[in-house]
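Heads up, start.pdb below (PDB, C-alpha atoms):
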ATOM      1  CA  MET A1308      -0.679  10.823 -33.332
ATOM      2  CA  ALA A1309       1.606  13.391 -31.733
ATOM      3  CA  LEU A1310      -1.407  15.561 -30.903
ATOM      4  CA  LEU A1311      -3.177  12.565 -29.319
ATOM      5  CA  LEU A1312      -0.156  11.804 -27.133
ATOM      6  CA  MET A1313       0.094  15.449 -26.114
ATOM      7  CA  SER A1314      -3.606  15.484 -25.227
ATOM      8  CA  MET A1315      -3.268  12.316 -23.158
ATOM      9  CA  ALA A1316      -0.264  13.759 -21.323
ATOM     10  CA  ALA A1317      -2.148  16.981 -20.618
ATOM     11  CA  LEU A1318      -5.154  15.023 -19.301
ATOM     12  CA  ALA A1319      -2.910  12.966 -16.993
ATOM     13  CA  GLN A1320      -1.325  16.166 -15.726
ATOM     14  CA  GLN A1321      -4.761  17.609 -14.980
ATOM     15  CA  LYS A1322      -6.229  14.491 -13.342
ATOM     16  CA  GLY A1323      -3.049  13.270 -11.660
ATOM     17  CA  VAL A1324      -1.523   9.801 -11.603
ATOM     18  CA  TYR A1325      -1.633   8.040  -8.241
ATOM     19  CA  THR A1326      -0.779   4.435  -9.023
ATOM     20  CA  HIS A1327       0.601   2.215 -11.779
ATOM     21  CA  GLU A1328      -1.962   2.325 -14.565
ATOM     22  CA  PHE A1329      -2.403  -0.816 -16.687
ATOM     23  CA  ASN A1330      -3.754  -0.212 -20.194
ATOM     24  CA  ASP A1331      -5.076  -3.766 -20.626
ATOM     25  CA  ALA A1332      -8.812  -3.459 -19.950
ATOM     26  CA  GLU A1333      -9.365  -7.224 -19.968
ATOM     27  CA  LEU A1334      -6.570  -7.763 -17.441
ATOM     28  CA  ASN A1335      -7.987  -5.026 -15.218
ATOM     29  CA  ARG A1336     -11.458  -6.621 -15.279
ATOM     30  CA  LYS A1337      -9.985 -10.036 -14.525
ATOM     31  CA  ALA A1338      -8.031  -8.608 -11.588
ATOM     32  CA  GLN A1339     -11.068  -6.822 -10.132
ATOM     33  CA  LYS A1340     -13.131 -10.002 -10.363
ATOM     34  CA  TRP A1341     -10.324 -12.027  -8.769
ATOM     35  CA  MET A1342      -9.967  -9.604  -5.871
ATOM     36  CA  ALA A1343     -13.725  -9.476  -5.273
ATOM     37  CA  LYS A1344     -14.004 -13.265  -5.289
ATOM     38  CA  GLY A1345     -11.545 -13.417  -2.381
ATOM     39  CA  LYS A1346      -9.770 -16.728  -2.890
ATOM     40  CA  TRP A1347      -6.543 -14.857  -2.057
ATOM     41  CA  ARG A1348      -7.775 -14.451   1.541
ATOM     42  CA  ASN A1349      -6.640 -17.944   2.579
ATOM     43  CA  GLY A1350      -9.107 -17.769   5.468
ATOM     44  CA  PHE A1351      -8.413 -14.123   6.332
ATOM     45  CA  THR A1352     -11.646 -12.431   7.420
ATOM     46  CA  LYS A1353     -10.509  -9.577   9.662
ATOM     47  CA  ALA A1354     -10.478  -6.825   7.032
ATOM     48  CA  ASP A1355     -11.030  -5.998   3.367
ATOM     49  CA  PRO A1356      -8.739  -4.272   0.873
ATOM     50  CA  HIS A1357      -9.146  -0.503   0.839
ATOM     51  CA  TYR A1358     -10.613   0.675  -2.451
ATOM     52  CA  THR A1359      -7.303   2.348  -3.352
ATOM     53  CA  VAL A1360      -5.494  -1.012  -3.541
ATOM     54  CA  ASN A1361      -4.324  -1.534  -7.118
ATOM     55  CA  ALA A1362      -6.199  -4.729  -8.007
ATOM     56  CA  THR A1363      -4.138  -5.457 -11.103
ATOM     57  CA  ASP A1364      -0.824  -5.084  -9.283
ATOM     58  CA  PHE A1365      -2.199  -7.281  -6.488
ATOM     59  CA  TYR A1366      -3.395  -9.933  -8.933
ATOM     60  CA  LEU A1367      -0.120 -10.061 -10.862
ATOM     61  CA  GLN A1368       2.095 -10.114  -7.778
ATOM     62  CA  TYR A1369      -0.012 -12.809  -6.136
ATOM     63  CA  GLN A1370       0.283 -15.054  -9.204
ATOM     64  CA  LYS A1371       4.070 -14.662  -9.185
ATOM     65  CA  ASN A1372       4.456 -15.401  -5.472
ATOM     66  CA  PRO A1373       1.355 -17.187  -4.094
ATOM     67  CA  ALA A1374       3.084 -19.001  -1.213
ATOM     68  CA  GLN A1375       4.285 -15.743   0.333
ATOM     69  CA  TRP A1376       0.876 -14.086   0.101
ATOM     70  CA  GLN A1377      -0.906 -17.177   1.426
ATOM     71  CA  ALA A1378       1.433 -17.290   4.425
ATOM     72  CA  LEU A1379       0.897 -13.559   5.061
ATOM     73  CA  PHE A1380      -2.890 -13.814   5.197
ATOM     74  CA  ARG A1381      -2.807 -17.044   7.192
ATOM     75  CA  TRP A1382      -0.559 -15.410   9.809
ATOM     76  CA  LEU A1383      -2.804 -12.349  10.038
ATOM     77  CA  GLU A1384      -5.892 -14.478  10.553
ATOM     78  CA  GLN A1385      -4.354 -16.846  13.096
ATOM     79  CA  THR A1386      -2.541 -14.205  15.175
ATOM     80  CA  ASP A1387      -4.089 -12.107  17.949
ATOM     81  CA  LEU A1388      -2.922  -8.815  16.508
ATOM     82  CA  LEU A1389      -3.969  -6.754  19.526
ATOM     83  CA  SER A1390      -2.193  -8.799  22.191
ATOM     84  CA  ILE A1391       0.946  -9.911  20.349
ATOM     85  CA  GLU A1392       4.070  -8.120  21.577
ATOM     86  CA  LYS A1393       5.301  -5.214  19.505
ATOM     87  CA  GLY A1394       8.432  -5.860  17.484
ATOM     88  CA  LYS A1395       9.522  -8.121  14.656
ATOM     89  CA  HIS A1396       7.776 -11.464  14.123
ATOM     90  CA  PRO A1397       8.980 -13.907  11.444
ATOM     91  CA  ILE A1398       6.189 -15.524   9.446
ATOM     92  CA  GLU A1399       6.729 -19.257   9.496
ATOM     93  CA  GLY A1400       7.800 -20.896   6.258
ATOM     94  CA  THR A1401       8.781 -17.630   4.571
ATOM     95  CA  ALA A1402      11.368 -14.869   4.685
ATOM     96  CA  LEU A1403       8.599 -12.434   5.631
ATOM     97  CA  VAL A1404       8.750 -10.491   8.874
ATOM     98  CA  ALA A1405       5.711  -8.782  10.384
ATOM     99  CA  SER A1406       6.554  -5.555  12.164
ATOM    100  CA  VAL A1407       4.078  -4.837  14.961
ATOM    101  CA  GLU A1408       4.306  -1.116  15.682
ATOM    102  CA  ASP A1409       2.727   0.796  18.551
ATOM    103  CA  SER A1410       3.153   4.265  17.180
ATOM    104  CA  GLU A1411       1.692   7.749  16.922
ATOM    105  CA  ASN A1412       0.595   9.840  13.970
ATOM    106  CA  GLY A1413       2.458  13.081  13.412
ATOM    107  CA  PRO A1414       2.023  16.406  11.619
ATOM    108  CA  LEU A1415       2.039  16.101   7.837
ATOM    109  CA  ALA A1416       4.964  18.528   7.560
ATOM    110  CA  LYS A1417       7.145  16.073   9.486
ATOM    111  CA  ARG A1418       6.120  12.971   7.549
ATOM    112  CA  ASN A1419       8.117  11.869   4.499
ATOM    113  CA  SER A1420       6.592  10.630   1.286
ATOM    114  CA  GLU A1421       8.150   7.445  -0.037
ATOM    115  CA  SER A1422       8.061   4.549  -2.440
ATOM    116  CA  HIS A1423       9.943   1.273  -2.823
ATOM    117  CA  TYR A1424      11.003  -0.724  -5.865
ATOM    118  CA  GLN A1425      12.065  -4.062  -4.353
ATOM    119  CA  HIS A1426       9.260  -4.443  -1.822
ATOM    120  CA  ILE A1427       5.530  -3.962  -1.378
ATOM    121  CA  ASP A1428       4.257  -2.251   1.775
ATOM    122  CA  PHE A1429       1.368  -4.177   3.326
ATOM    123  CA  GLN A1430      -0.105  -2.001   6.087
ATOM    124  CA  PHE A1431      -2.959  -2.970   8.392
ATOM    125  CA  VAL A1432      -4.019  -0.691  11.237
ATOM    126  CA  VAL A1433      -5.517  -2.927  13.927
ATOM    127  CA  LYS A1434      -6.089  -0.217  16.559
ATOM    128  CA  GLY A1435      -6.802   3.479  16.097
ATOM    129  CA  VAL A1436      -6.893   5.539  12.921
ATOM    130  CA  GLU A1437      -3.926   6.197  10.660
ATOM    131  CA  ARG A1438      -4.110   8.718   7.844
ATOM    132  CA  PHE A1439      -2.251   7.896   4.635
ATOM    133  CA  GLY A1440      -1.415  10.267   1.830
ATOM    134  CA  ILE A1441      -0.961   9.204  -1.778
ATOM    135  CA  ILE A1442       0.868  11.674  -3.999
ATOM    136  CA  ASP A1443       0.574  12.509  -7.687
ATOM    137  CA  HIS A1444       3.334  11.223  -9.975
ATOM    138  CA  THR A1445       3.043  13.980 -12.556
ATOM    139  CA  THR A1446       3.821  16.823 -10.137
ATOM    140  CA  SER A1447       6.221  15.062  -7.744
ATOM    141  CA  THR A1448      10.006  14.823  -8.037
ATOM    142  CA  PRO A1449      12.596  12.767  -6.116
ATOM    143  CA  LYS A1450      14.226  14.733  -3.319
ATOM    144  CA  ASP A1451      17.130  12.282  -2.897
ATOM    145  CA  ASN A1452      18.556   8.987  -4.198
ATOM    146  CA  TRP A1453      17.430   5.448  -3.406
ATOM    147  CA  LYS A1454      18.650   4.419   0.101
ATOM    148  CA  PRO A1455      18.685   1.424  -0.591
ATOM    149  CA  ASP A1456      15.053   0.539  -1.296
ATOM    150  CA  VAL A1457      13.305   3.777  -0.395
ATOM    151  CA  ILE A1458      13.115   7.153  -2.062
ATOM    152  CA  HIS A1459      11.416  10.365  -0.895
ATOM    153  CA  TYR A1460       9.662  13.004  -2.968
ATOM    154  CA  ASN A1461       8.890  16.670  -3.211
ATOM    155  CA  TYR A1462       5.180  16.886  -3.921
ATOM    156  CA  GLN A1463       2.360  19.377  -4.307
ATOM    157  CA  LEU A1464       0.097  19.233  -1.280
ATOM    158  CA  GLU A1465      -2.984  20.299  -3.210
ATOM    159  CA  LYS A1466      -2.557  17.286  -5.508
ATOM    160  CA  ALA A1467      -2.169  14.750  -2.672
ATOM    161  CA  ARG A1468      -5.075  12.515  -1.657
ATOM    162  CA  PHE A1469      -5.627  11.450   1.950
ATOM    163  CA  TYR A1470      -7.386   8.388   3.347
ATOM    164  CA  ASP A1471      -8.042   7.237   6.893
ATOM    165  CA  SER A1472      -7.106   3.656   7.685
ATOM    166  CA  THR A1473      -9.094   1.758  10.312
ATOM    167  CA  PRO A1474      -9.169  -1.922  11.401
ATOM    168  CA  SER A1475     -11.843  -2.706   8.797
ATOM    169  CA  HIS A1476      -9.469  -2.265   5.840
ATOM    170  CA  PHE A1477      -5.852  -2.813   4.892
ATOM    171  CA  PHE A1478      -3.700  -0.931   2.406
ATOM    172  CA  ILE A1479      -1.126  -2.306  -0.031
ATOM    173  CA  PHE A1480       1.427   0.098  -1.477
ATOM    174  CA  PHE A1481       3.127  -1.226  -4.604
ATOM    175  CA  PRO A1482       6.125   0.544  -6.205
ATOM    176  CA  GLY A1483       3.692   2.719  -8.161
ATOM    177  CA  ASP A1484       1.976   3.926  -4.978
ATOM    178  CA  TRP A1485       3.952   6.887  -3.652
ATOM    179  CA  HIS A1486       2.653   7.333  -0.140
ATOM    180  CA  ILE A1487       2.891   9.109   3.206
ATOM    181  CA  ALA A1488       2.210   7.173   6.402
ATOM    182  CA  LYS A1489       1.242   8.047   9.974
ATOM    183  CA  VAL A1490      -0.288  11.449   9.321
ATOM    184  CA  CYS A1491      -2.415  13.129  11.996
ATOM    185  CA  ASN A1492      -6.128  12.681  11.390
ATOM    186  CA  ASP A1493      -9.235  14.437  12.726
ATOM    187  CA  THR A1494      -9.683  12.236  15.804
ATOM    188  CA  GLN A1495      -8.404  13.194  19.245
ATOM    189  CA  ASP A1496      -6.386  10.014  19.761
ATOM    190  CA  GLN A1497      -3.402   9.696  17.411
ATOM    191  CA  ASN A1498      -2.078   6.465  18.926
ATOM    192  CA  ILE A1499      -2.161   3.470  16.618
ATOM    193  CA  ARG A1500      -1.114  -0.141  16.339
ATOM    194  CA  VAL A1501      -0.174  -1.061  12.784
ATOM    195  CA  ILE A1502       1.079  -4.267  11.213
ATOM    196  CA  VAL A1503       3.631  -3.635   8.465
ATOM    197  CA  ILE A1504       4.846  -6.469   6.253
ATOM    198  CA  LYS A1505       7.347  -6.011   3.434
ATOM    199  CA  VAL A1506       6.504  -8.404   0.605
ATOM    200  CA  ASP A1507       8.969  -9.089  -2.206
ATOM    201  CA  TYR A1508       8.093  -7.263  -5.439
ATOM    202  CA  ILE A1509       8.706  -9.508  -8.435
ATOM    203  CA  GLU A1510       9.246  -7.948 -11.871
TER     204      GLU A1510
END

As structure tokens - that is how I would like this structure written.
Amino acid sequence: MALLLMSMAALAQQKGVYTHEFNDAELNRKAQKWMAKGKWRNGFTKADPHYTVNATDFYLQYQKNPAQWQALFRWLEQTDLLSIEKGKHPIEGTALVASVEDSENGPLAKRNSESHYQHIDFQFVVKGVERFGIIDHTTSTPKDNWKPDVIHYNYQLEKARFYDSTPSHFFIFFPGDWHIAKVCNDTQDQNIRVIVIKVDYIE
């Protein structure tokens, strides 16, 4: 048994761990089917989940807090996300606030990695291209303490994975998704408009 655990640990170290892994195969299948079916959309048709979104985390969090997620997707669908003024916009009927950011990607060396434990980062680029990084848990270490709901990491660049976000997809970063936002990509225009919504994470 000890040898099996050591082998599993060595395999994880080699492959990397990039999100919260659920060992319940039936739950994972149920979550994938639920996400593909799309009832969670509540009329939202503007974009699809990026393939990196942890379906099981999404499924479990949605079941624990459906009203908040329904309000989030309803607001996204009913709002003109390109013309709305930048700034903070409360989402009616909830404690959620949508942050509309006109921003610019920056060099990777100047971008912090981070994760949260009380909130989920919902990020939807509606104009431009934003590059996200997702870092490996097994080779990353905290560089500071929680302040108050964010922590930053030292990480190995060669183990990080990078994905470009466009208006056709949204990303959801749960506490197990240690990420880097607003990284320069390969396009000439680094200006973006991104919608960021902090959703309560429920244990």

Which residue, A:Val1404, A:Val1432, A:Ala1467, A:Ile1427, has the smallest gap to Thr1445 in chain A when you use only C-alpha atoms?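 Ranked by minimum distance to Thr1445 in chain A, first place goes to A:Ala1467.
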
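Minimum atom-to-atom distances from A:Phe1477, A:Thr1446, A:Ser1410, A:Ile1504 to Lys1322 in chain A were compared using all atoms listed in the file, and the lowest value belongs to A:Thr1446.
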
For the file shown, report as number ranges by chain the outcome of the PyMOL selection byres ((chain A and resi 1378-1381) around 8) at residue level. A: 1348-1351, 1374-1377, 1382-1385, 1398-1401, 1403

Selection under test: the PyMOL selection byres ((chain A and resi 1448) around 8); residues as a list of chain:residue names: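 Evaluating the PyMOL selection byres ((chain A and resi 1448) around 8) on this file yields A:His1444, A:Thr1446, A:Ser1447, A:Pro1449, A:Lys1450, A:Tyr1460, A:Asn1461, A:Tyr1462.
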
Create the file for the chosen residues now, containing C-alpha atoms and written as a JSON list (two decimals), in the coordinates of the input.
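Wrote it out as selection.json, contents follow:
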[["chain", "number", "residue", "atom", "x", "y", "z"],
["A", 1444, "HIS", "CA", 3.33, 11.22, -9.98],
["A", 1446, "THR", "CA", 3.82, 16.82, -10.14],
["A", 1447, "SER", "CA", 6.22, 15.06, -7.74],
["A", 1449, "PRO", "CA", 12.60, 12.77, -6.12],
["A", 1450, "LYS", "CA", 14.23, 14.73, -3.32],
["A", 1460, "TYR", "CA", 9.66, 13.00, -2.97],
["A", 1461, "ASN", "CA", 8.89, 16.67, -3.21],
["A", 1462, "TYR", "CA", 5.18, 16.89, -3.92]]

Residues selected by the PyMOL selection byres ((chain A and resi 1506) around 6), written as a list in words: His1426, Ile1427, Lys1505 and Asp1507 of chain A

Nearest residue to Lys1454 in chain A from the set A:Lys1466, A:Tyr1424, A:Phe1439, A:Gln1430 (distances using all atoms listed in the file):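 Answer, going by the shortest atom-to-atom distance: A:Tyr1424.
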
Using only C-alpha atoms, pick whichever of A:Asn1330, A:Pro1482, A:Trp1341, A:Asp1443 has the shortest atom-to-atom distance to Glu1465 in chain A. A:Asp1443

Test item: residues at most 9 Å from Lys1395 in chain A, only C-alpha atoms, excluding those fewer than 2 positions along its chain, as number ranges by chain: A: 1392-1393, 1397, 1404-1408

Interatomic distance (Å, one decimal) between CA of Asn1492 in chain A and CA of Val1324 in chain A: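 One can read the CA of Asn1492 in chain A to CA of Val1324 in chain A distance as 23.6 Å.
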
So that I can check the surroundings of His1486 in chain A, please list as a PyMOL selection string every protein, DNA and RNA residue that reaches within 7 Å of it, counting only C-alpha atoms and ignoring chain neighbours fewer than 3 positions away. chain A and resi 1420-1422+1439-1442

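Here CA of Ile1487 in chain A is placed at a distance of 28.4 Å from CA of Lys1340 in chain A.
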
For CA of Asp1496 in chain A and CA of Ala1354 in chain A, quote the distance in Å rounded to one decimal.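 We find that CA of Asp1496 in chain A and CA of Ala1354 in chain A lie 21.5 Å from each other.
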
Using all atoms listed in the file, which residues sit within 7 Å of Phe1478 in chain A once same-chain residues fewer than 5 positions away are excluded, as a VMD selection string? chain A and resid 1356 to 1357 1360 1429 to 1431

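Around Val1436 in chain A, within 12 Å and counting all atoms listed in the file, the residues found are Ser1410, Glu1411, Asn1412, Tyr1470, Asp1471, Ser1472, Thr1473, Pro1474, Ser1475, His1476, Phe1477, Ala1488, Lys1489, Val1490, Cys1491, Asn1492, Asp1493, Thr1494, Gln1495, Asp1496, Gln1497, Asn1498, Ile1499, Arg1500 and Val1501 of chain A, once anything fewer than 6 positions away on its own chain is removed.
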
Could the residues in this selection be saved with C-alpha atoms as a tab-separated table (two decimals), keeping the file's coordinate frame?
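The new file result-v5.tsv reads:
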chain	number	residue	atom	x	y	z
A	1410	SER	CA	3.15	4.26	17.18
A	1411	GLU	CA	1.69	7.75	16.92
A	1412	ASN	CA	0.60	9.84	13.97
A	1470	TYR	CA	-7.39	8.39	3.35
A	1471	ASP	CA	-8.04	7.24	6.89
A	1472	SER	CA	-7.11	3.66	7.68
A	1473	THR	CA	-9.09	1.76	10.31
A	1474	PRO	CA	-9.17	-1.92	11.40
A	1475	SER	CA	-11.84	-2.71	8.80
A	1476	HIS	CA	-9.47	-2.26	5.84
A	1477	PHE	CA	-5.85	-2.81	4.89
A	1488	ALA	CA	2.21	7.17	6.40
A	1489	LYS	CA	1.24	8.05	9.97
A	1490	VAL	CA	-0.29	11.45	9.32
A	1491	CYS	CA	-2.42	13.13	12.00
A	1492	ASN	CA	-6.13	12.68	11.39
A	1493	ASP	CA	-9.24	14.44	12.73
A	1494	THR	CA	-9.68	12.24	15.80
A	1495	GLN	CA	-8.40	13.19	19.24
A	1496	ASP	CA	-6.39	10.01	19.76
A	1497	GLN	CA	-3.40	9.70	17.41
A	1498	ASN	CA	-2.08	6.46	18.93
A	1499	ILE	CA	-2.16	3.47	16.62
A	1500	ARG	CA	-1.11	-0.14	16.34
A	1501	VAL	CA	-0.17	-1.06	12.78

Distance criterion (all atoms listed in the file): nearest to Ser1390 in chain A out of A:Tyr1369, A:Lys1434, A:His1423, A:Tyr1358: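 Comparing A:Tyr1369, A:Lys1434, A:His1423, A:Tyr1358 against Ser1390 in chain A, the winner is A:Lys1434.
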
Selected residue, from A:Trp1485, A:Phe1469, A:Phe1329, A:Phe1365, that lies nearest to Val1457 in chain A when counting all atoms listed in the file: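 With all atoms listed in the file as the atom set, the closest residue is A:Trp1485.
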
Please enclose the listed atoms of range 1416-1430 of chain A in an axis-aligned box, pad each side by 5 Å, and write out the centre and the three edge lengths in Å, rounded to one decimal, as AutoDock Vina command-line options.
--center_x 6.0 --center_y 7.0 --center_z 1.8 --size_x 22.2 --size_y 33.0 --size_z 25.4

N, CA and C atoms for range 1487-1507 of chain A, written as a JSON list (two decimals), in the frame of the given file, could you do that?
[["chain", "number", "residue", "atom", "x", "y", "z"],
["A", 1487, "ILE", "N", 2.48, 8.49, 1.94],
["A", 1487, "ILE", "CA", 2.89, 9.11, 3.21],
["A", 1487, "ILE", "C", 2.13, 8.38, 4.31],
["A", 1488, "ALA", "N", 2.84, 7.94, 5.33],
["A", 1488, "ALA", "CA", 2.21, 7.17, 6.40],
["A", 1488, "ALA", "C", 2.19, 7.96, 7.71],
["A", 1489, "LYS", "N", 1.30, 7.54, 8.60],
["A", 1489, "LYS", "CA", 1.24, 8.05, 9.97],
["A", 1489, "LYS", "C", 1.07, 9.56, 10.04],
["A", 1490, "VAL", "N", 0.05, 10.03, 9.32],
["A", 1490, "VAL", "CA", -0.29, 11.45, 9.32],
["A", 1490, "VAL", "C", -1.41, 11.69, 10.32],
["A", 1491, "CYS", "N", -1.35, 12.79, 11.05],
["A", 1491, "CYS", "CA", -2.42, 13.13, 12.00],
["A", 1491, "CYS", "C", -3.77, 13.20, 11.28],
["A", 1492, "ASN", "N", -4.77, 12.65, 11.94],
["A", 1492, "ASN", "CA", -6.13, 12.68, 11.39],
["A", 1492, "ASN", "C", -7.01, 13.58, 12.26],
["A", 1493, "ASP", "N", -8.31, 13.52, 12.04],
["A", 1493, "ASP", "CA", -9.24, 14.44, 12.73],
["A", 1493, "ASP", "C", -9.73, 13.92, 14.07],
["A", 1494, "THR", "N", -9.27, 12.75, 14.50],
["A", 1494, "THR", "CA", -9.68, 12.24, 15.80],
["A", 1494, "THR", "C", -8.79, 12.82, 16.90],
["A", 1495, "GLN", "N", -9.20, 12.66, 18.14],
["A", 1495, "GLN", "CA", -8.40, 13.19, 19.24],
["A", 1495, "GLN", "C", -7.25, 12.27, 19.64],
["A", 1496, "ASP", "N", -7.41, 10.99, 19.37],
["A", 1496, "ASP", "CA", -6.39, 10.01, 19.76],
["A", 1496, "ASP", "C", -5.56, 9.63, 18.53],
["A", 1497, "GLN", "N", -4.28, 9.98, 18.54],
["A", 1497, "GLN", "CA", -3.40, 9.70, 17.41],
["A", 1497, "GLN", "C", -2.55, 8.44, 17.61],
["A", 1498, "ASN", "N", -2.82, 7.70, 18.67],
["A", 1498, "ASN", "CA", -2.08, 6.46, 18.93],
["A", 1498, "ASN", "C", -2.64, 5.34, 18.07],
["A", 1499, "ILE", "N", -1.75, 4.55, 17.50],
["A", 1499, "ILE", "CA", -2.16, 3.47, 16.62],
["A", 1499, "ILE", "C", -1.33, 2.22, 16.87],
["A", 1500, "ARG", "N", -1.89, 1.09, 16.50],
["A", 1500, "ARG", "CA", -1.11, -0.14, 16.34],
["A", 1500, "ARG", "C", -1.28, -0.56, 14.88],
["A", 1501, "VAL", "N", -0.14, -0.72, 14.20],
["A", 1501, "VAL", "CA", -0.17, -1.06, 12.78],
["A", 1501, "VAL", "C", 0.75, -2.24, 12.53],
["A", 1502, "ILE", "N", 0.29, -3.12, 11.66],
["A", 1502, "ILE", "CA", 1.08, -4.27, 11.21],
["A", 1502, "ILE", "C", 1.64, -3.93, 9.83],
["A", 1503, "VAL", "N", 2.97, -3.96, 9.75],
["A", 1503, "VAL", "CA", 3.63, -3.64, 8.46],
["A", 1503, "VAL", "C", 4.42, -4.87, 8.02],
["A", 1504, "ILE", "N", 4.15, -5.31, 6.80],
["A", 1504, "ILE", "CA", 4.85, -6.47, 6.25],
["A", 1504, "ILE", "C", 5.40, -6.10, 4.90],
["A", 1505, "LYS", "N", 6.69, -6.28, 4.71],
["A", 1505, "LYS", "CA", 7.35, -6.01, 3.43],
["A", 1505, "LYS", "C", 7.32, -7.29, 2.61],
["A", 1506, "VAL", "N", 6.61, -7.25, 1.51],
["A", 1506, "VAL", "CA", 6.50, -8.40, 0.60],
["A", 1506, "VAL", "C", 7.42, -8.17, -0.59],
["A", 1507, "ASP", "N", 8.09, -9.22, -1.05],
["A", 1507, "ASP", "CA", 8.97, -9.09, -2.21],
["A", 1507, "ASP", "C", 8.16, -8.66, -3.44]]
